[in-house]
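Text of model.cif (mmCIF, C-alpha atoms) as supplied:
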data_query
#
loop_
_atom_site.group_PDB
_atom_site.id
_atom_site.type_symbol
_atom_site.label_atom_id
_atom_site.label_comp_id
_atom_site.auth_asym_id
_atom_site.auth_seq_id
_atom_site.Cartn_x
_atom_site.Cartn_y
_atom_site.Cartn_z
ATOM 1 C CA MET A 1 -64.114 -182.104 -33.241
ATOM 2 C CA MET A 2 -63.087 -183.892 -30.045
ATOM 3 C CA LEU A 3 -62.451 -181.584 -27.087
ATOM 4 C CA SER A 4 -59.705 -182.274 -24.563
ATOM 5 C CA ASP A 5 -60.796 -182.805 -20.969
ATOM 6 C CA ASP A 6 -59.655 -179.292 -19.991
ATOM 7 C CA ASP A 7 -61.392 -177.753 -23.011
ATOM 8 C CA ALA A 8 -64.657 -179.486 -22.131
ATOM 9 C CA VAL A 9 -64.437 -178.282 -18.524
ATOM 10 C CA PHE A 10 -63.628 -174.695 -19.519
ATOM 11 C CA ARG A 11 -66.431 -174.742 -22.099
ATOM 12 C CA ALA A 12 -68.885 -176.030 -19.506
ATOM 13 C CA LEU A 13 -67.792 -173.477 -16.899
ATOM 14 C CA ALA A 14 -67.977 -170.585 -19.391
ATOM 15 C CA ASP A 15 -71.761 -170.446 -19.136
ATOM 16 C CA ALA A 16 -73.415 -168.702 -16.165
ATOM 17 C CA SER A 17 -76.429 -171.045 -16.237
ATOM 18 C CA ARG A 18 -74.200 -174.102 -15.966
ATOM 19 C CA ARG A 19 -72.252 -172.515 -13.108
ATOM 20 C CA GLU A 20 -75.594 -171.891 -11.365
ATOM 21 C CA LEU A 21 -76.505 -175.560 -11.773
ATOM 22 C CA LEU A 22 -73.112 -176.566 -10.343
ATOM 23 C CA ASP A 23 -73.652 -174.197 -7.408
ATOM 24 C CA ARG A 24 -77.042 -175.792 -6.752
ATOM 25 C CA LEU A 25 -75.544 -179.282 -6.899
ATOM 26 C CA HIS A 26 -72.698 -178.196 -4.645
ATOM 27 C CA ALA A 27 -75.236 -176.992 -2.090
ATOM 28 C CA GLU A 28 -77.257 -180.208 -2.373
ATOM 29 C CA SER A 29 -75.989 -183.050 -4.521
ATOM 30 C CA GLY A 30 -78.383 -185.714 -5.773
ATOM 31 C CA GLN A 31 -81.144 -183.471 -7.144
ATOM 32 C CA THR A 32 -83.682 -184.386 -9.786
ATOM 33 C CA LEU A 33 -84.273 -182.364 -12.948
ATOM 34 C CA GLY A 34 -87.438 -180.932 -11.405
ATOM 35 C CA GLU A 35 -85.576 -179.809 -8.293
ATOM 36 C CA LEU A 36 -82.834 -178.224 -10.383
ATOM 37 C CA CYS A 37 -85.392 -176.375 -12.549
ATOM 38 C CA ARG A 38 -87.176 -174.888 -9.547
ATOM 39 C CA GLY A 39 -86.701 -171.131 -9.457
ATOM 40 C CA LEU A 40 -84.773 -170.940 -12.732
ATOM 41 C CA GLU A 41 -85.985 -168.884 -15.654
ATOM 42 C CA MET A 42 -85.188 -171.691 -18.101
ATOM 43 C CA THR A 43 -87.235 -174.418 -19.670
ATOM 44 C CA ARG A 44 -86.737 -178.028 -18.589
ATOM 45 C CA GLN A 45 -85.328 -178.661 -22.069
ATOM 46 C CA ALA A 46 -82.695 -175.916 -21.630
ATOM 47 C CA VAL A 47 -81.709 -177.255 -18.204
ATOM 48 C CA THR A 48 -81.456 -180.761 -19.699
ATOM 49 C CA LYS A 49 -79.100 -179.469 -22.399
ATOM 50 C CA HIS A 50 -76.937 -177.700 -19.810
ATOM 51 C CA LEU A 51 -76.808 -180.865 -17.691
ATOM 52 C CA ALA A 52 -75.707 -182.871 -20.747
ATOM 53 C CA ILE A 53 -72.796 -180.476 -21.320
ATOM 54 C CA LEU A 54 -71.821 -180.684 -17.642
ATOM 55 C CA GLU A 55 -71.989 -184.479 -17.784
ATOM 56 C CA GLU A 56 -69.916 -184.547 -20.983
ATOM 57 C CA ALA A 57 -67.257 -182.497 -19.159
ATOM 58 C CA ASN A 58 -67.447 -184.990 -16.252
ATOM 59 C CA LEU A 59 -68.499 -182.193 -13.886
ATOM 60 C CA ILE A 60 -71.634 -184.073 -12.909
ATOM 61 C CA SER A 61 -72.826 -187.649 -12.960
ATOM 62 C CA SER A 62 -76.309 -189.035 -12.852
ATOM 63 C CA LYS A 63 -77.947 -192.150 -11.488
ATOM 64 C CA ARG A 64 -81.386 -193.576 -12.078
ATOM 65 C CA GLN A 65 -83.374 -194.189 -8.930
ATOM 66 C CA GLY A 66 -86.713 -195.652 -9.863
ATOM 67 C CA ARG A 67 -88.388 -193.253 -12.257
ATOM 68 C CA GLU A 68 -86.151 -190.356 -11.240
ATOM 69 C CA LYS A 69 -82.691 -189.416 -12.418
ATOM 70 C CA LEU A 70 -80.507 -187.923 -9.700
ATOM 71 C CA HIS A 71 -77.656 -185.543 -10.551
ATOM 72 C CA PHE A 72 -74.447 -185.363 -8.518
ATOM 73 C CA ILE A 73 -71.554 -182.915 -8.674
ATOM 74 C CA ASN A 74 -68.083 -184.243 -9.465
ATOM 75 C CA PRO A 75 -65.521 -181.719 -8.152
ATOM 76 C CA VAL A 76 -62.471 -183.612 -9.454
ATOM 77 C CA PRO A 77 -62.198 -181.849 -12.857
ATOM 78 C CA ILE A 78 -62.436 -178.425 -11.192
ATOM 79 C CA HIS A 79 -59.741 -179.459 -8.714
ATOM 80 C CA GLU A 80 -57.523 -180.589 -11.605
ATOM 81 C CA ILE A 81 -58.033 -177.228 -13.348
ATOM 82 C CA ALA A 82 -57.135 -175.436 -10.114
ATOM 83 C CA GLU A 83 -53.997 -177.541 -9.719
ATOM 84 C CA ARG A 84 -52.848 -177.033 -13.294
ATOM 85 C CA TRP A 85 -53.933 -173.480 -14.053
ATOM 86 C CA ILE A 86 -54.285 -171.610 -10.775
ATOM 87 C CA ARG A 87 -52.108 -173.072 -8.036
ATOM 88 C CA LYS A 88 -48.875 -172.741 -10.011
ATOM 89 C CA PHE A 89 -49.481 -168.990 -10.269
ATOM 90 C CA GLU A 90 -50.052 -168.720 -6.514
ATOM 91 C CA GLN A 91 -46.719 -170.345 -5.574
ATOM 92 C CA PRO A 92 -44.428 -167.359 -6.351
ATOM 93 C CA ARG A 93 -46.735 -165.012 -4.430
ATOM 94 C CA LEU A 94 -46.797 -167.350 -1.410
ATOM 95 C CA GLU A 95 -43.009 -167.632 -1.469
ATOM 96 C CA ALA A 96 -42.703 -163.823 -1.618
ATOM 97 C CA LEU A 97 -45.065 -163.447 1.364
ATOM 98 C CA SER A 98 -43.111 -166.037 3.333
ATOM 99 C CA GLU A 99 -39.840 -164.279 2.558
ATOM 100 C CA LEU A 100 -41.325 -160.915 3.574
ATOM 101 C CA LYS A 101 -42.593 -162.405 6.850
ATOM 102 C CA GLN A 102 -39.148 -163.850 7.643
ATOM 103 C CA ARG A 103 -37.467 -160.511 6.853
ATOM 104 C CA LEU A 104 -39.882 -158.610 9.080
ATOM 105 C CA GLU A 105 -39.401 -161.112 11.894
ATOM 106 C CA ARG A 106 -35.600 -160.731 11.604
ATOM 107 C CA GLN A 107 -35.943 -156.944 11.724
ATOM 108 C CA SER A 108 -38.107 -157.090 14.843
ATOM 109 C CA ASP A 109 -35.596 -159.459 16.488
ATOM 110 C CA ASP A 110 -32.792 -156.950 15.767
ATOM 111 C CA THR A 111 -34.573 -154.110 17.554
#
Represent the structure contained in this file as structure tokens.
Amino acid sequence: MMLSDDDAVFRALADASRRELLDRLHAESGQTLGELCRGLEMTRQAVTKHLAILEEANLISSKRQGREKLHFINPVPIHEIAERWIRKFEQPRLEALSELKQRLERQSDDT
């Protein structure tokens, strides 16, 4: 079964361990597998599997540098999810707050 881009991103983000890896890469992009494993209660093999899922969802990319493989966060898919699934729900609330602010300002001008 082929997942859509959004499905792959949501699937990748559904796991707490993968979110932890993304948080670590957000804090310092360009880490090796060894650096990412440090302090985690997971095997290197488990971390490798999580990184593969994140890479499949295009949430990270990797680059060989000599004998090491560096991992980098790609925030674009998360931004696209935010634009499509979150921001549109914020718009009515922001408009309501703006309208309330204008009403309150008019009331204070009248007094």
Nearby residues (only C-alpha atoms) at most 8 Å from range 58-66 of chain A, same-chain spacing under 3 positions excluded, as a ChimeraX atom specification: /A:9,51,54-55,69-78
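Straight-line separation from CA of Arg18 in chain A to CA of Ile53 in chain A: 8.4 Å.
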Residues of range 2-60 of chain A that approach range 80-99 of chain A to 10 Å or less, counting only C-alpha atoms: could you list each one with the shortest pair of atoms and its distance in Å to one decimal, rows by chain and increasing residue number, as a Markdown table?
| residue | atom | partner | partner_atom | distance |
| --- | --- | --- | --- | --- |
| A:Asp5 | CA | A:Ile81 | CA | 9.8 |
| A:Asp6 | CA | A:Ile81 | CA | 7.1 |
| A:Val9 | CA | A:Ile81 | CA | 8.3 |
| A:Phe10 | CA | A:Ile81 | CA | 8.7 |
Long-range neighbours of Cys37 in chain A as a ChimeraX atom specification, 12 Å cut-off, all atoms listed in the file, 2 positions minimum in chain: /A:17-18,20-21,24-25,31-35,39-48,50-51
Enclosing box along x, y and z for every listed atom of range 67-76 of chain A, padded 4 Å each side, centre and size in Å, one decimal, as lines of an AutoDock Vina configuration file:
center_x = -75.4
center_y = -187.5
center_z = -10.3
size_x = 33.9
size_y = 19.5
size_z = 12.3
Selected residue, from A:Ala57, A:Ala27, A:Leu36, A:Ala52, that lies nearest to Ala12 in chain A when counting all atoms listed in the file: A:Ala57
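Taking CA of Lys49 in chain A as the reference point, CA of Glu28 in chain A is found at 20.1 Å.
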